[in-house]
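Visitor: Once you've had a glance at the structure underneath, I'll fire off some questions.
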Amino acid sequence: MASAHSRMRCGEFRTNYRQDTTIFPTPLARRVAVVSVLLLMLVPMFGSAYQLNLLIQIGYYGIAALGLNIVVGFTGQISLGHAAFFGLGAFSSAWINSTTGIPVFFCIPLAGLMTMAVGLLVGIPAGRIKGLYLAIATLASQYILEDFFARADWFTGGSAGAMANPFSLFGYQMNSDRSYFYVVLFYVVIMYLAGTNLLRTRDGRAFVAVRDHYLSAEIMGINLNKYRILSFGISSLYAGIGGALFGHYLGFVSAEGFTIMLSIQFLAMVIIGGLGSVMGSMLGTVFMVLLPEVMEFGVHLVGSNNSALTQALAYIKEMAIGLAIILFLIFEPDGLSHRWKMIKNYWKLYPFSY
Amino acid sequence: MNFELLTQLVVNGLIVGTLYGVVAMCFVLIYKSTRVVNFAQGEFLLIGAWTCWALLVKFELPFYLGFPITLAFMLVFGILLQVLVLRPMIGEPIISVIMVTIGLSMFFQALIAWIFGGYTKAFPTVFETESVNIAGLQIESAYIMSMVVSLVIMVGFYIFFKHSRFGLAMRATAFNQQIAQSLGISVKHVFAAAWAISAVVSALAGVVIGMVNGVSSALSFIGIKVFPVVILGGLDSIIGSIVGGLTIGVLENVAEFFDSQWLHVGNLYNIAPFYALVIILMIKPYGLFGTKDIERI
């Protein structure tokens, strides 16, 4: 007689609430996550500078993308101004560091809190309006903040830009890609764990309730205004920390970097990865960071001596992003995380898929 | 205080405002009949103006041939866009529909910049432009022409929606899709027609602006300026878009005046409409003429 352990699994069956609200859905998923973080820690020893640069980009954009997913995917609000908050984080961190002399180590979370404060302020009108009107209001906030960056010399250095000091810990300067990678990895792990954990709490469930049916949520005693504004605040916190990491990585923050185009790219990350999925935010970011690189590779493959094509590379990259957004929305509106779930289910149930 | 400059700027504002009004009308037309917020409205102007430019300059067609071909091209383009991209999105959440139009906007902006380059190019002179002196103000005849074209378009819209059978069908669809369908109106055709009309009329506006200011990628920014206009007028009101267009046109020129005279902050011209937008959303989110949503459970 076969013991319980030798039977093939045909799905995940949860029998109590505790099993339903774990951070990782299965013990295997937890082990995979831990092992992949450990493997990533080995990358700086073997990886090239190019690979490290890409991974660091994925790290700070991924944090900001998770923030956007909290407001768009979990609370069902629309934000077209995420890049402005990302920029605000980068400028705040550089500003706090250069004016007060607080070490960069503390500046990054402080910049996150400062961005969160502004996000809460912008969130106040968002508490009243929703859908389209909110999309347009956040579009306006994007332009207003962008204009502010270009003008506020005391804060951003105006058109000249701001210098951001490198990250240091116990007197050890982390200004190379190799050492900075660990800083970004640390923040990614913390922020993603916090994000997953948020969704297990009362507040996280309130966000999802507001998204699914705001009237029912209000009838059940959820304060709509509070949670809409709060989700904006939390999303700005993520954007601020991502932006601060970005600023200290480049060492120089310029006002031109945080345009509506970057906001659209953040939205693309969230939609391509999957709305309402923590892991999806990371998958979408990987996709969006690698897409331009793949385009570049493709162009060089087709014609490295074809100068017309090489000159058009910037346009081709932009077109690829636009096209990716359109195609994903038409053919895979639930994003990469949904596709991943389907692949997993296929193997779990193979060969009897019903 | 320089009154002469102020009146000149207000007149400029009114002229630009009528053009904003026309583009906003096209935006409202799509929103009203298909419930899609079109972030790619500015790209219609861009594509229309560049197509016309290419026909006149590269293929050296005369204006009376090149211009109708441009309009015909935009008609087909609008219909194809609706059928291929927007039709699969019916019934999807608002965020997806918004993102599809943003994706379109990004794609076409890059494509046009690739084909035509990033520099402003002058339109071949179709009409002789000269300054006309009206009541002591110097106004270029090109501006007067653009204003006349805008007014003709507005009257055309009015006649089409009030006195034609298809216009009535479109209004019925905007009022209630299900009832319209049960009365035998082909909602599919109405949707395609809304996009086609919007594309054609936007292209017309694009050509007019191109003649006055030259053709460049800056045309697509008008598609963003449309948002303050429609929010002020109300998202689903044609009259509102005209009133909103004139108001925002004057507002940005007056802002420019105060900026150059006293404030000296620079760039207020472009940003003032967005401050106005936020204020309107705070106090009157449905605009001057928009219908207030009442939700029933």
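Going by the structure tokens order, chains are called A, B, ..., each with residues numbered from 1, while ligands are numbered from 1 in the order shown.
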Write out as a PyMOL selection string all residues of region 23-229 of chain B that DSSP puts in strand (DSSP E) for this structure's backbone.

Guide: chain B and resi 131-134+137-140

Visitor: If you run DSSP on this backbone, which residues of region 102-194 of chain B come out as helix (DSSP H, G or I), and could you give them as JSON, numbers by chain?

Guide: {"B": [102, 103, 104, 105, 106, 107, 108, 109, 110, 111, 112, 113, 114, 115, 116, 141, 142, 143, 144, 145, 146, 147, 148, 149, 150, 151, 152, 153, 154, 155, 156, 157, 158, 159, 160, 161, 162, 163, 165, 166, 167, 168, 169, 170, 171, 172, 173, 174, 175, 177, 178, 179, 180, 181, 182, 187, 188, 189, 190, 191, 192, 193, 194]}

Visitor: May I ask for the distance between CA of Phe46 (chain A) and CA of Leu28 (chain A), given in Å to one decimal place?

Guide: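 CA of Phe46 (chain A) sits 26.8 Å away from CA of Leu28 (chain A).
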
Visitor: Which is closer to chain B than all the others in A:Ile229, A:Leu169, A:Leu80, A:Ile102, using only C-alpha atoms?

Guide: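 With only C-alpha atoms as the atom set, the closest residue is A:Leu80.
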
Visitor: Which residues are close to region 273-279 of chain A, i.e. within 9 Å by only C-alpha atoms, leaving aside same-chain residues fewer than 4 positions away? Reply as a ChimeraX atom specification.

Guide: /A:66,69-70,72-76,192,195-196,208,268-269,283-287,333-338

Visitor: Nearest to chain A: which of B:Phe191, B:Tyr31, B:Phe44, B:Phe257 is it, counting only C-alpha atoms?

Guide: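 Closest candidate: B:Tyr31.
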
Visitor: Compile the residues of chain B that lie within 6 Å of chain A, evaluated using only C-alpha atoms, and express the compilation as an mmCIF file with N, CA and C atoms, in the first residue's frame.

Guide:
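Here's the written file iface_17.cif:
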```cif
data_model
loop_
_atom_site.group_PDB
_atom_site.id
_atom_site.type_symbol
_atom_site.label_atom_id
_atom_site.label_comp_id
_atom_site.auth_asym_id
_atom_site.auth_seq_id
_atom_site.Cartn_x
_atom_site.Cartn_y
_atom_site.Cartn_z
ATOM 1 N N VAL B 100 -3.627 50.774 -23.921
ATOM 2 C CA VAL B 100 -3.515 50.471 -25.350
ATOM 3 C C VAL B 100 -3.336 51.755 -26.141
ATOM 4 N N GLY B 103 0.096 52.997 -25.630
ATOM 5 C CA GLY B 103 1.026 52.198 -26.432
ATOM 6 C C GLY B 103 1.018 52.647 -27.885
ATOM 7 N N MET B 106 2.878 55.924 -28.229
ATOM 8 C CA MET B 106 4.325 55.749 -28.161
ATOM 9 C C MET B 106 4.860 55.178 -29.473
ATOM 10 N N PHE B 107 4.164 54.178 -29.985
ATOM 11 C CA PHE B 107 4.595 53.504 -31.206
ATOM 12 C C PHE B 107 4.630 54.475 -32.384
ATOM 13 N N ALA B 110 7.334 57.282 -32.196
ATOM 14 C CA ALA B 110 8.674 56.822 -32.549
ATOM 15 C C ALA B 110 8.770 56.554 -34.042
ATOM 16 N N TRP B 114 11.214 58.399 -36.627
ATOM 17 C CA TRP B 114 12.176 57.599 -37.390
ATOM 18 C C TRP B 114 12.109 57.975 -38.869
ATOM 19 N N PHE B 274 -2.248 72.723 -16.701
ATOM 20 C CA PHE B 274 -2.308 71.544 -15.818
ATOM 21 C C PHE B 274 -2.667 71.928 -14.385
#
```

Visitor: Would you kindly return, as a ChimeraX atom specification, each protein, DNA or RNA residue with an atom no farther than 10 Å from any atom of Phe175 (chain B), considering only C-alpha atoms and excluding same-chain residues fewer than 6 positions away?

Guide: /B:32-33,169

Visitor: May I have the residues within 12 Å of Ala72 (chain B) as a list of chain:residue names, using only C-alpha atoms and disregarding those fewer than 2 positions away in the same chain?

Guide: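 Once the nearby chain positions are removed, what remains is B:Gly48, B:Thr51, B:Cys52, B:Leu65, B:Gly66, B:Phe67, B:Pro68, B:Ile69, B:Thr70, B:Met74, B:Leu75, B:Val76, B:Phe77, B:Gly78, B:Ile79, B:Ala196, B:Ile197, B:Ala199, B:Val200, B:Val201, B:Ala203, B:Leu204.
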
Visitor: Using only C-alpha atoms, which of the listed residues (B:Lys188, B:Lys292, B:Lys225, B:Lys284) sits closest to Arg87 (chain B)?

Guide: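 Nearest to Arg87 (chain B): B:Lys188.
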